[in-house]
Amino acid sequence: MIQPRFKDAPHFRDFWEHGNGKQLIEFSGAEVSFEHFEKFAPYFHHVDETGDEVVRDVYFTKKFHEASKEIEQYIRNGVSETDDVPESVKKLFRQTQKVPQWLDYNLLKSGVELCMRSNLDSLISLRDYCLIGGYDYAYLNKPLIVTEALKKGAVKRLSETLDFWVNATRYNALEVHAKGYEFAIKTRLIHSYARLSIKKHYKDWDTENWGEPINSWDMMATYIGFSLVFLHSLKKLGNSFSVEEEQGIFHLWKYVGYLLGIPEQLLPDDKKQATEYFYLWTSVQPPSDKDSVLLAHSLLDESLENPILKYEFQRKNLKYLHVCCTWFLLDDEVCKRLQIPEVPFRNLFPKSKILFNKIYDSLVSRNVRIQRGNKDQMKVLEDYLAITKNSNFH
């Protein structure tokens, strides 16, 4: 049985006693302890069997693009019990086409509005806190390393994350057959495909320490990144949000998690629960290793490689701004472990951002901020998608 093996380690204690973990406890009113550790630990070896079955039945029996086309048909047209499709496909769509009783459409709407209203701060939070901060958890990153995601490059990886996030956080995006719903199902099957490929081709996978590849507990932590950590980041950057919007973010990602096949009991309803769940999960994760550093630097250098900005000085400046935000949002200890470069005047940009947000919020109506945020985020996504279509980023 797995133990909270890093609970006395310096990186764990530092995070929860002095760093962002301490701030998360204050932010959420969480009461952290190891009382419920046994309830969560089995999920380290738990995976989405339903998704895996579909991959075995559909993807492993034909060419990849044919399988993808077939799945797309199911997503867009739905699957009924009388259809001539594998039982695993029926099982997957039985679950995802059934809207859970707890789903509250008003809360979903509040959640997506906060995502849009926060405009580029949403994207800064995802990139410079959620994504790069996640690299500090060495075991969480192992599937990325063994599937050679580094070779694909950060531009492609960022583009895929952005595509998923933007499409899941628009109005009515998660309705059955809608675009966000489609992204959730496809992402779920990509996870299953990656997991089965790792188990088949990667004999050195260390199940005892790393858990199953892309296990349910790691998935929970990833989705707490999109909700709890994301909110904490917005708060740090000087954004305010209503109780309704905050509940909306958790509700939104609870539903996305449900579509992705994460067990419901792992999906937190609010920031207090999310912090308590996250606390337990971090106790089985060691700090950054050399792979973490490679991933972090690949992400930072993405600004230099990405041809969206035409001139080198613009790209260098963008990297500098991301480095400043990373230092501002993450703990210094984490930044040092990930070898984030030291830069001068690193608080200037984040601090001016906070000031700007306070003024902007008081001058511009909520509806205008939602519309402008949606437009600006869509523009960033379009730029990324245009670039990754170019052959050199395949």
# chains A, B, ... in the order shown; residues from 1 in each chain; ligands from 1
>>> residues_around(residues="A:Pro350", least_positions_apart="5", cutoff="9 Å", atoms="only C-alpha atoms", output="list of chain:residue names")
A:Lys236, A:Leu237, A:Leu321, A:Cys324, A:Cys325, A:Phe328, A:Leu329, A:Leu355
>>> select_by_dssp(residues="stretch 60-303 of chain A", states="helix (DSSP H, G or I)", output="ChimeraX atom specification")
/A:60-61,64-77,87-97,105-117,119-134,139-146,149-152,154-168,179-201,207-210,216-236,243-259,264-266,271-282,290-303
>>> residues_around(residues="stretch 65-80 of chain A", least_positions_apart="2", cutoff="10 Å", atoms="only C-alpha atoms", output="compact mmCIF listing (two decimals) with N, CA, C and O atoms, in the first residue's frame")
# COMPACT_ATOMS: atom_id res chain seq x y z
N VAL A 54 -12.01 1.25 -25.25
CA VAL A 54 -12.34 1.86 -26.55
C VAL A 54 -11.09 1.91 -27.43
O VAL A 54 -11.13 1.60 -28.62
N VAL A 55 -9.96 2.28 -26.82
CA VAL A 55 -8.72 2.36 -27.60
C VAL A 55 -8.34 0.98 -28.13
O VAL A 55 -7.97 0.83 -29.30
N ASP A 57 -10.36 -1.49 -28.77
CA ASP A 57 -11.35 -1.94 -29.77
C ASP A 57 -11.35 -1.12 -31.05
O ASP A 57 -11.66 -1.64 -32.12
N VAL A 58 -11.02 0.17 -30.95
CA VAL A 58 -11.13 1.04 -32.13
C VAL A 58 -9.76 1.43 -32.67
O VAL A 58 -9.43 1.17 -33.82
N TYR A 59 -8.90 1.99 -31.82
CA TYR A 59 -7.61 2.51 -32.31
C TYR A 59 -6.62 1.41 -32.66
O TYR A 59 -5.84 1.54 -33.59
N PHE A 60 -6.64 0.33 -31.86
CA PHE A 60 -5.65 -0.72 -32.09
C PHE A 60 -6.08 -1.71 -33.18
O PHE A 60 -5.37 -2.67 -33.47
N THR A 61 -7.26 -1.51 -33.77
CA THR A 61 -7.72 -2.46 -34.78
C THR A 61 -7.70 -1.86 -36.19
O THR A 61 -8.02 -2.52 -37.16
N LYS A 62 -7.36 -0.56 -36.28
CA LYS A 62 -7.30 0.07 -37.61
C LYS A 62 -6.28 1.20 -37.61
O LYS A 62 -5.65 1.45 -36.60
N LYS A 63 -6.14 1.85 -38.75
CA LYS A 63 -5.18 2.96 -38.83
C LYS A 63 -5.65 4.11 -37.94
O LYS A 63 -6.85 4.34 -37.78
N THR A 82 -28.79 0.58 -29.90
CA THR A 82 -29.04 -0.31 -31.03
C THR A 82 -27.96 -0.20 -32.11
O THR A 82 -27.95 -0.97 -33.07
N ASP A 83 -27.06 0.78 -31.97
CA ASP A 83 -26.01 0.96 -33.00
C ASP A 83 -25.07 -0.24 -33.06
O ASP A 83 -24.80 -0.88 -32.03
N ASP A 84 -24.58 -0.49 -34.25
CA ASP A 84 -23.64 -1.59 -34.44
C ASP A 84 -22.22 -1.10 -34.16
O ASP A 84 -21.44 -0.84 -35.07
N VAL A 85 -21.92 -0.93 -32.89
CA VAL A 85 -20.58 -0.46 -32.48
C VAL A 85 -20.11 -1.34 -31.32
O VAL A 85 -20.93 -2.00 -30.67
N VAL A 89 -17.57 1.18 -26.73
CA VAL A 89 -17.98 2.50 -27.24
C VAL A 89 -19.34 2.88 -26.64
O VAL A 89 -19.55 4.02 -26.20
N LYS A 90 -20.25 1.90 -26.60
CA LYS A 90 -21.57 2.17 -25.99
C LYS A 90 -21.41 2.57 -24.53
O LYS A 90 -22.06 3.49 -24.04
N LYS A 91 -20.51 1.88 -23.84
CA LYS A 91 -20.30 2.15 -22.41
C LYS A 91 -19.78 3.58 -22.20
O LYS A 91 -20.26 4.31 -21.33
N LEU A 92 -18.81 3.96 -23.02
CA LEU A 92 -18.22 5.30 -22.91
C LEU A 92 -19.29 6.37 -23.14
O LEU A 92 -19.41 7.33 -22.37
N PHE A 93 -20.07 6.20 -24.19
CA PHE A 93 -21.06 7.23 -24.52
C PHE A 93 -22.31 7.16 -23.63
O PHE A 93 -22.98 8.17 -23.44
N ARG A 94 -22.56 5.99 -23.07
CA ARG A 94 -23.63 5.88 -22.07
C ARG A 94 -23.33 6.83 -20.92
O ARG A 94 -24.21 7.53 -20.42
N THR A 96 -20.99 9.47 -20.96
CA THR A 96 -20.77 10.89 -21.30
C THR A 96 -22.00 11.59 -21.87
O THR A 96 -22.11 12.81 -21.83
N GLN A 97 -22.94 10.80 -22.42
CA GLN A 97 -24.17 11.42 -22.96
C GLN A 97 -25.21 11.64 -21.86
O GLN A 97 -26.18 12.34 -22.05
N VAL A 176 -23.67 18.09 -24.84
CA VAL A 176 -23.37 16.86 -25.60
C VAL A 176 -23.26 17.21 -27.09
O VAL A 176 -24.10 17.95 -27.61
N HIS A 177 -22.23 16.73 -27.76
CA HIS A 177 -21.90 16.96 -29.18
C HIS A 177 -21.25 18.33 -29.45
O HIS A 177 -20.78 18.56 -30.56
N ALA A 178 -21.21 19.25 -28.47
CA ALA A 178 -20.59 20.57 -28.71
C ALA A 178 -19.07 20.44 -28.67
O ALA A 178 -18.52 19.38 -28.37
N LYS A 179 -18.38 21.55 -28.96
CA LYS A 179 -16.94 21.51 -29.18
C LYS A 179 -16.13 21.14 -27.92
O LYS A 179 -15.19 20.36 -27.98
N TYR A 181 -17.19 19.43 -25.36
CA TYR A 181 -17.51 18.02 -25.10
C TYR A 181 -16.63 17.13 -25.99
O TYR A 181 -16.03 16.16 -25.54
N GLU A 182 -16.53 17.53 -27.26
CA GLU A 182 -15.69 16.77 -28.20
C GLU A 182 -14.23 16.73 -27.75
O GLU A 182 -13.59 15.68 -27.74
N PHE A 183 -13.73 17.89 -27.30
CA PHE A 183 -12.34 17.95 -26.82
C PHE A 183 -12.14 17.06 -25.61
O PHE A 183 -11.11 16.40 -25.47
N ILE A 185 -13.78 14.27 -24.76
CA ILE A 185 -13.76 12.84 -25.15
C ILE A 185 -12.45 12.50 -25.87
O ILE A 185 -11.82 11.47 -25.59
N LYS A 186 -12.05 13.37 -26.79
CA LYS A 186 -10.80 13.09 -27.53
C LYS A 186 -9.59 13.08 -26.58
O LYS A 186 -8.71 12.22 -26.70
N LEU A 189 -9.42 9.86 -24.68
CA LEU A 189 -8.92 8.72 -25.47
C LEU A 189 -7.43 8.86 -25.78
O LEU A 189 -6.72 7.85 -25.86
>>> residues_around(residues="stretch 102-109 of chain A", least_positions_apart="5", cutoff="12 Å", atoms="only C-alpha atoms", output="ChimeraX atom specification")
/A:114-117,168-175,242-256,258-259,264,269,370
>>> residues_around(residues="A:Ser197", least_positions_apart="2", cutoff="12 Å", atoms="only C-alpha atoms", output="list in words")
Asp52, Val55, Arg56, Tyr59, Phe60, Pro143, Val146, Thr147, Ile190, His191, Ser192, Tyr193, Ala194, Arg195, Lys199, Lys200, His201, Tyr202, Lys203, Trp205, Pro213 and Ile214 of chain A
>>> residues_around(residues="stretch 156-158 of chain A", least_positions_apart="5", cutoff="10 Å", atoms="only C-alpha atoms", output="list in words")
Leu126, Arg127, Leu131, Ala149, Leu150, Lys151, Asp163, Phe164, Leu299, Glu302, Asn306, Leu381, Tyr384, Leu385, Ile387, Thr388, Lys389, Phe393 and His394 of chain A
>>> write_last_selection(atoms="N, CA, C and O atoms", output="short mmCIF file (atom, residue, chain, number, x, y, z; two decimals), in the first residue's frame")
data_model
loop_
_atom_site.label_atom_id
_atom_site.label_comp_id
_atom_site.auth_asym_id
_atom_site.auth_seq_id
_atom_site.Cartn_x
_atom_site.Cartn_y
_atom_site.Cartn_z
N LEU A 126 -2.37 29.91 -16.47
CA LEU A 126 -2.24 28.53 -16.95
C LEU A 126 -0.79 28.20 -17.25
O LEU A 126 -0.30 27.12 -16.90
N ARG A 127 -0.11 29.13 -17.87
CA ARG A 127 1.24 28.85 -18.33
C ARG A 127 2.29 29.01 -17.23
O ARG A 127 3.13 28.13 -17.02
N LEU A 131 0.99 25.22 -15.34
CA LEU A 131 1.76 24.31 -16.18
C LEU A 131 3.19 24.15 -15.68
O LEU A 131 3.66 23.05 -15.41
N ALA A 149 7.50 13.74 -25.28
CA ALA A 149 6.79 15.00 -25.56
C ALA A 149 7.77 16.15 -25.78
O ALA A 149 7.49 17.08 -26.53
N LEU A 150 8.96 16.03 -25.16
CA LEU A 150 9.96 17.10 -25.32
C LEU A 150 10.36 17.27 -26.78
O LEU A 150 10.61 18.38 -27.25
N LYS A 151 10.41 16.14 -27.49
CA LYS A 151 10.83 16.21 -28.90
C LYS A 151 9.78 16.91 -29.76
O LYS A 151 10.10 17.48 -30.79
N ASP A 163 -5.79 24.96 -26.89
CA ASP A 163 -6.93 24.56 -27.72
C ASP A 163 -8.00 23.89 -26.85
O ASP A 163 -9.19 24.19 -26.94
N PHE A 164 -7.55 22.99 -26.00
CA PHE A 164 -8.46 22.28 -25.10
C PHE A 164 -9.11 23.26 -24.13
O PHE A 164 -10.33 23.29 -23.97
N LEU A 299 9.53 25.06 -21.96
CA LEU A 299 8.38 25.98 -21.95
C LEU A 299 8.83 27.44 -21.99
O LEU A 299 8.27 28.26 -22.72
N GLU A 302 9.97 28.50 -25.36
CA GLU A 302 8.91 28.51 -26.36
C GLU A 302 8.71 29.93 -26.92
O GLU A 302 8.48 30.11 -28.11
N ASN A 306 8.81 30.55 -30.92
CA ASN A 306 7.50 30.76 -31.52
C ASN A 306 7.50 31.94 -32.48
O ASN A 306 7.79 33.06 -32.10
N LEU A 381 -5.34 31.88 -29.49
CA LEU A 381 -5.50 30.50 -29.95
C LEU A 381 -5.34 30.40 -31.47
O LEU A 381 -4.64 29.51 -31.97
N TYR A 384 -1.74 30.54 -32.47
CA TYR A 384 -1.05 29.28 -32.17
C TYR A 384 -1.41 28.19 -33.17
O TYR A 384 -0.54 27.45 -33.65
N LEU A 385 -2.68 28.08 -33.47
CA LEU A 385 -3.12 27.03 -34.39
C LEU A 385 -2.57 27.26 -35.79
O LEU A 385 -2.20 26.31 -36.49
N ILE A 387 0.26 28.60 -36.48
CA ILE A 387 1.68 28.24 -36.46
C ILE A 387 1.88 26.73 -36.49
O ILE A 387 2.72 26.20 -37.21
N THR A 388 1.10 26.01 -35.66
CA THR A 388 1.31 24.56 -35.57
C THR A 388 0.87 23.86 -36.85
O THR A 388 1.25 22.72 -37.09
N LYS A 389 0.09 24.53 -37.67
CA LYS A 389 -0.26 23.94 -38.98
C LYS A 389 0.97 23.88 -39.88
O LYS A 389 1.08 23.07 -40.77
N PHE A 393 6.37 22.43 -37.07
CA PHE A 393 5.95 22.17 -35.71
C PHE A 393 5.13 20.90 -35.58
O PHE A 393 4.43 20.68 -34.64
N HIS A 394 5.21 20.03 -36.58
CA HIS A 394 4.46 18.77 -36.48
C HIS A 394 5.20 17.77 -35.64
O HIS A 394 6.38 17.69 -35.67
#
>>> closest_residue(among="A:Leu267, A:Ile262, A:Val334, A:Ile124", to="A:Phe230", atoms="only C-alpha atoms")
A:Ile124
>>> atom_distance(atom1="atom CA of A:Lys310", atom2="atom CA of A:Asp383")
12.4 Å
>>> residues_around(residues="stretch 23-30 of chain A", least_positions_apart="3", cutoff="12 Å", atoms="only C-alpha atoms", output="NGL selection string")
:A and (14-20 or 33 or 224-225 or 228-233 or 235-236 or 246 or 270-279 or 329-331)
>>> decode(residues="stretch 236-249 of chain A", atoms="all heavy atoms", output="mmCIF file, in the first residue's frame")
data_model
loop_
_atom_site.group_PDB
_atom_site.id
_atom_site.type_symbol
_atom_site.label_atom_id
_atom_site.label_comp_id
_atom_site.auth_asym_id
_atom_site.auth_seq_id
_atom_site.Cartn_x
_atom_site.Cartn_y
_atom_site.Cartn_z
ATOM 1 N N LYS A 236 -3.621 36.359 -7.159
ATOM 2 C CA LYS A 236 -2.282 36.953 -7.009
ATOM 3 C C LYS A 236 -2.050 38.096 -8.003
ATOM 4 O O LYS A 236 -1.318 39.028 -7.728
ATOM 5 C CB LYS A 236 -1.203 35.882 -7.240
ATOM 6 C CG LYS A 236 -0.947 34.983 -6.064
ATOM 7 C CD LYS A 236 0.282 34.120 -6.350
ATOM 8 C CE LYS A 236 0.788 33.486 -5.082
ATOM 9 N NZ LYS A 236 2.191 33.107 -5.127
ATOM 10 N N LEU A 237 -2.664 37.960 -9.183
ATOM 11 C CA LEU A 237 -2.477 38.984 -10.220
ATOM 12 C C LEU A 237 -3.483 40.143 -10.078
ATOM 13 O O LEU A 237 -3.609 40.972 -10.980
ATOM 14 C CB LEU A 237 -2.593 38.350 -11.615
ATOM 15 C CG LEU A 237 -1.459 37.394 -12.000
ATOM 16 C CD1 LEU A 237 -1.823 36.599 -13.251
ATOM 17 C CD2 LEU A 237 -0.141 38.134 -12.212
ATOM 18 N N GLY A 238 -4.195 40.168 -8.952
ATOM 19 C CA GLY A 238 -5.056 41.314 -8.674
ATOM 20 C C GLY A 238 -6.446 41.242 -9.263
ATOM 21 O O GLY A 238 -7.136 42.259 -9.384
ATOM 22 N N ASN A 239 -6.889 40.043 -9.646
ATOM 23 C CA ASN A 239 -8.267 39.887 -10.140
ATOM 24 C C ASN A 239 -9.182 39.567 -8.968
ATOM 25 O O ASN A 239 -8.817 38.791 -8.096
ATOM 26 C CB ASN A 239 -8.363 38.731 -11.140
ATOM 27 C CG ASN A 239 -7.518 38.976 -12.378
ATOM 28 O OD1 ASN A 239 -7.966 39.604 -13.320
ATOM 29 N ND2 ASN A 239 -6.289 38.487 -12.373
ATOM 30 N N SER A 240 -10.388 40.119 -8.994
ATOM 31 C CA SER A 240 -11.356 39.729 -7.962
ATOM 32 C C SER A 240 -12.439 38.896 -8.635
ATOM 33 O O SER A 240 -12.655 39.010 -9.838
ATOM 34 C CB SER A 240 -11.960 40.976 -7.328
ATOM 35 O OG SER A 240 -12.498 41.794 -8.337
ATOM 36 N N PHE A 241 -13.082 38.036 -7.852
ATOM 37 C CA PHE A 241 -14.170 37.231 -8.426
ATOM 38 C C PHE A 241 -15.228 37.001 -7.367
ATOM 39 O O PHE A 241 -14.947 37.008 -6.173
ATOM 40 C CB PHE A 241 -13.662 35.896 -9.000
ATOM 41 C CG PHE A 241 -12.506 35.285 -8.263
ATOM 42 C CD1 PHE A 241 -12.719 34.478 -7.151
ATOM 43 C CD2 PHE A 241 -11.195 35.523 -8.679
ATOM 44 C CE1 PHE A 241 -11.645 33.921 -6.464
ATOM 45 C CE2 PHE A 241 -10.114 34.963 -7.980
ATOM 46 C CZ PHE A 241 -10.341 34.155 -6.877
ATOM 47 N N SER A 242 -16.457 36.811 -7.821
ATOM 48 C CA SER A 242 -17.572 36.614 -6.891
ATOM 49 C C SER A 242 -17.583 35.169 -6.395
ATOM 50 O O SER A 242 -16.945 34.283 -6.984
ATOM 51 C CB SER A 242 -18.884 36.919 -7.598
ATOM 52 O OG SER A 242 -19.113 35.951 -8.610
ATOM 53 N N VAL A 243 -18.333 34.936 -5.328
ATOM 54 C CA VAL A 243 -18.497 33.579 -4.787
ATOM 55 C C VAL A 243 -19.070 32.666 -5.867
ATOM 56 O O VAL A 243 -18.649 31.520 -6.044
ATOM 57 C CB VAL A 243 -19.446 33.604 -3.549
ATOM 58 C CG1 VAL A 243 -19.766 32.190 -3.078
ATOM 59 C CG2 VAL A 243 -18.808 34.406 -2.431
ATOM 60 N N GLU A 244 -20.024 33.209 -6.606
ATOM 61 C CA GLU A 244 -20.678 32.452 -7.676
ATOM 62 C C GLU A 244 -19.671 32.040 -8.755
ATOM 63 O O GLU A 244 -19.654 30.896 -9.228
ATOM 64 C CB GLU A 244 -21.775 33.342 -8.289
ATOM 65 C CG GLU A 244 -22.489 32.727 -9.466
ATOM 66 C CD GLU A 244 -23.814 32.077 -9.097
ATOM 67 O OE1 GLU A 244 -24.146 32.032 -7.902
ATOM 68 O OE2 GLU A 244 -24.500 31.618 -10.023
ATOM 69 N N GLU A 245 -18.796 32.975 -9.148
ATOM 70 C CA GLU A 245 -17.781 32.675 -10.181
ATOM 71 C C GLU A 245 -16.804 31.624 -9.674
ATOM 72 O O GLU A 245 -16.407 30.718 -10.403
ATOM 73 C CB GLU A 245 -17.025 33.949 -10.555
ATOM 74 C CG GLU A 245 -17.822 34.895 -11.429
ATOM 75 C CD GLU A 245 -17.060 36.180 -11.744
ATOM 76 O OE1 GLU A 245 -16.353 36.707 -10.870
ATOM 77 O OE2 GLU A 245 -17.184 36.660 -12.883
ATOM 78 N N GLU A 246 -16.418 31.770 -8.409
ATOM 79 C CA GLU A 246 -15.479 30.805 -7.819
ATOM 80 C C GLU A 246 -16.096 29.401 -7.811
ATOM 81 O O GLU A 246 -15.460 28.433 -8.228
ATOM 82 C CB GLU A 246 -15.150 31.259 -6.401
ATOM 83 C CG GLU A 246 -14.178 30.356 -5.702
ATOM 84 C CD GLU A 246 -14.018 30.740 -4.243
ATOM 85 O OE1 GLU A 246 -13.497 31.838 -3.971
ATOM 86 O OE2 GLU A 246 -14.430 29.940 -3.384
ATOM 87 N N GLN A 247 -17.343 29.312 -7.365
ATOM 88 C CA GLN A 247 -18.024 28.001 -7.372
ATOM 89 C C GLN A 247 -18.152 27.497 -8.807
ATOM 90 O O GLN A 247 -18.050 26.299 -9.069
ATOM 91 C CB GLN A 247 -19.425 28.141 -6.760
ATOM 92 C CG GLN A 247 -19.413 28.294 -5.257
ATOM 93 C CD GLN A 247 -20.823 28.547 -4.725
ATOM 94 O OE1 GLN A 247 -21.647 29.205 -5.359
ATOM 95 N NE2 GLN A 247 -21.104 28.036 -3.544
ATOM 96 N N GLY A 248 -18.369 28.424 -9.719
ATOM 97 C CA GLY A 248 -18.522 28.086 -11.132
ATOM 98 C C GLY A 248 -17.291 27.419 -11.715
ATOM 99 O O GLY A 248 -17.393 26.457 -12.492
ATOM 100 N N ILE A 249 -16.113 27.916 -11.327
ATOM 101 C CA ILE A 249 -14.856 27.319 -11.836
ATOM 102 C C ILE A 249 -14.753 25.861 -11.382
ATOM 103 O O ILE A 249 -14.409 24.966 -12.171
ATOM 104 C CB ILE A 249 -13.628 28.126 -11.324
ATOM 105 C CG1 ILE A 249 -13.481 29.423 -12.124
ATOM 106 C CG2 ILE A 249 -12.346 27.304 -11.427
ATOM 107 C CD1 ILE A 249 -12.916 29.285 -13.514
#
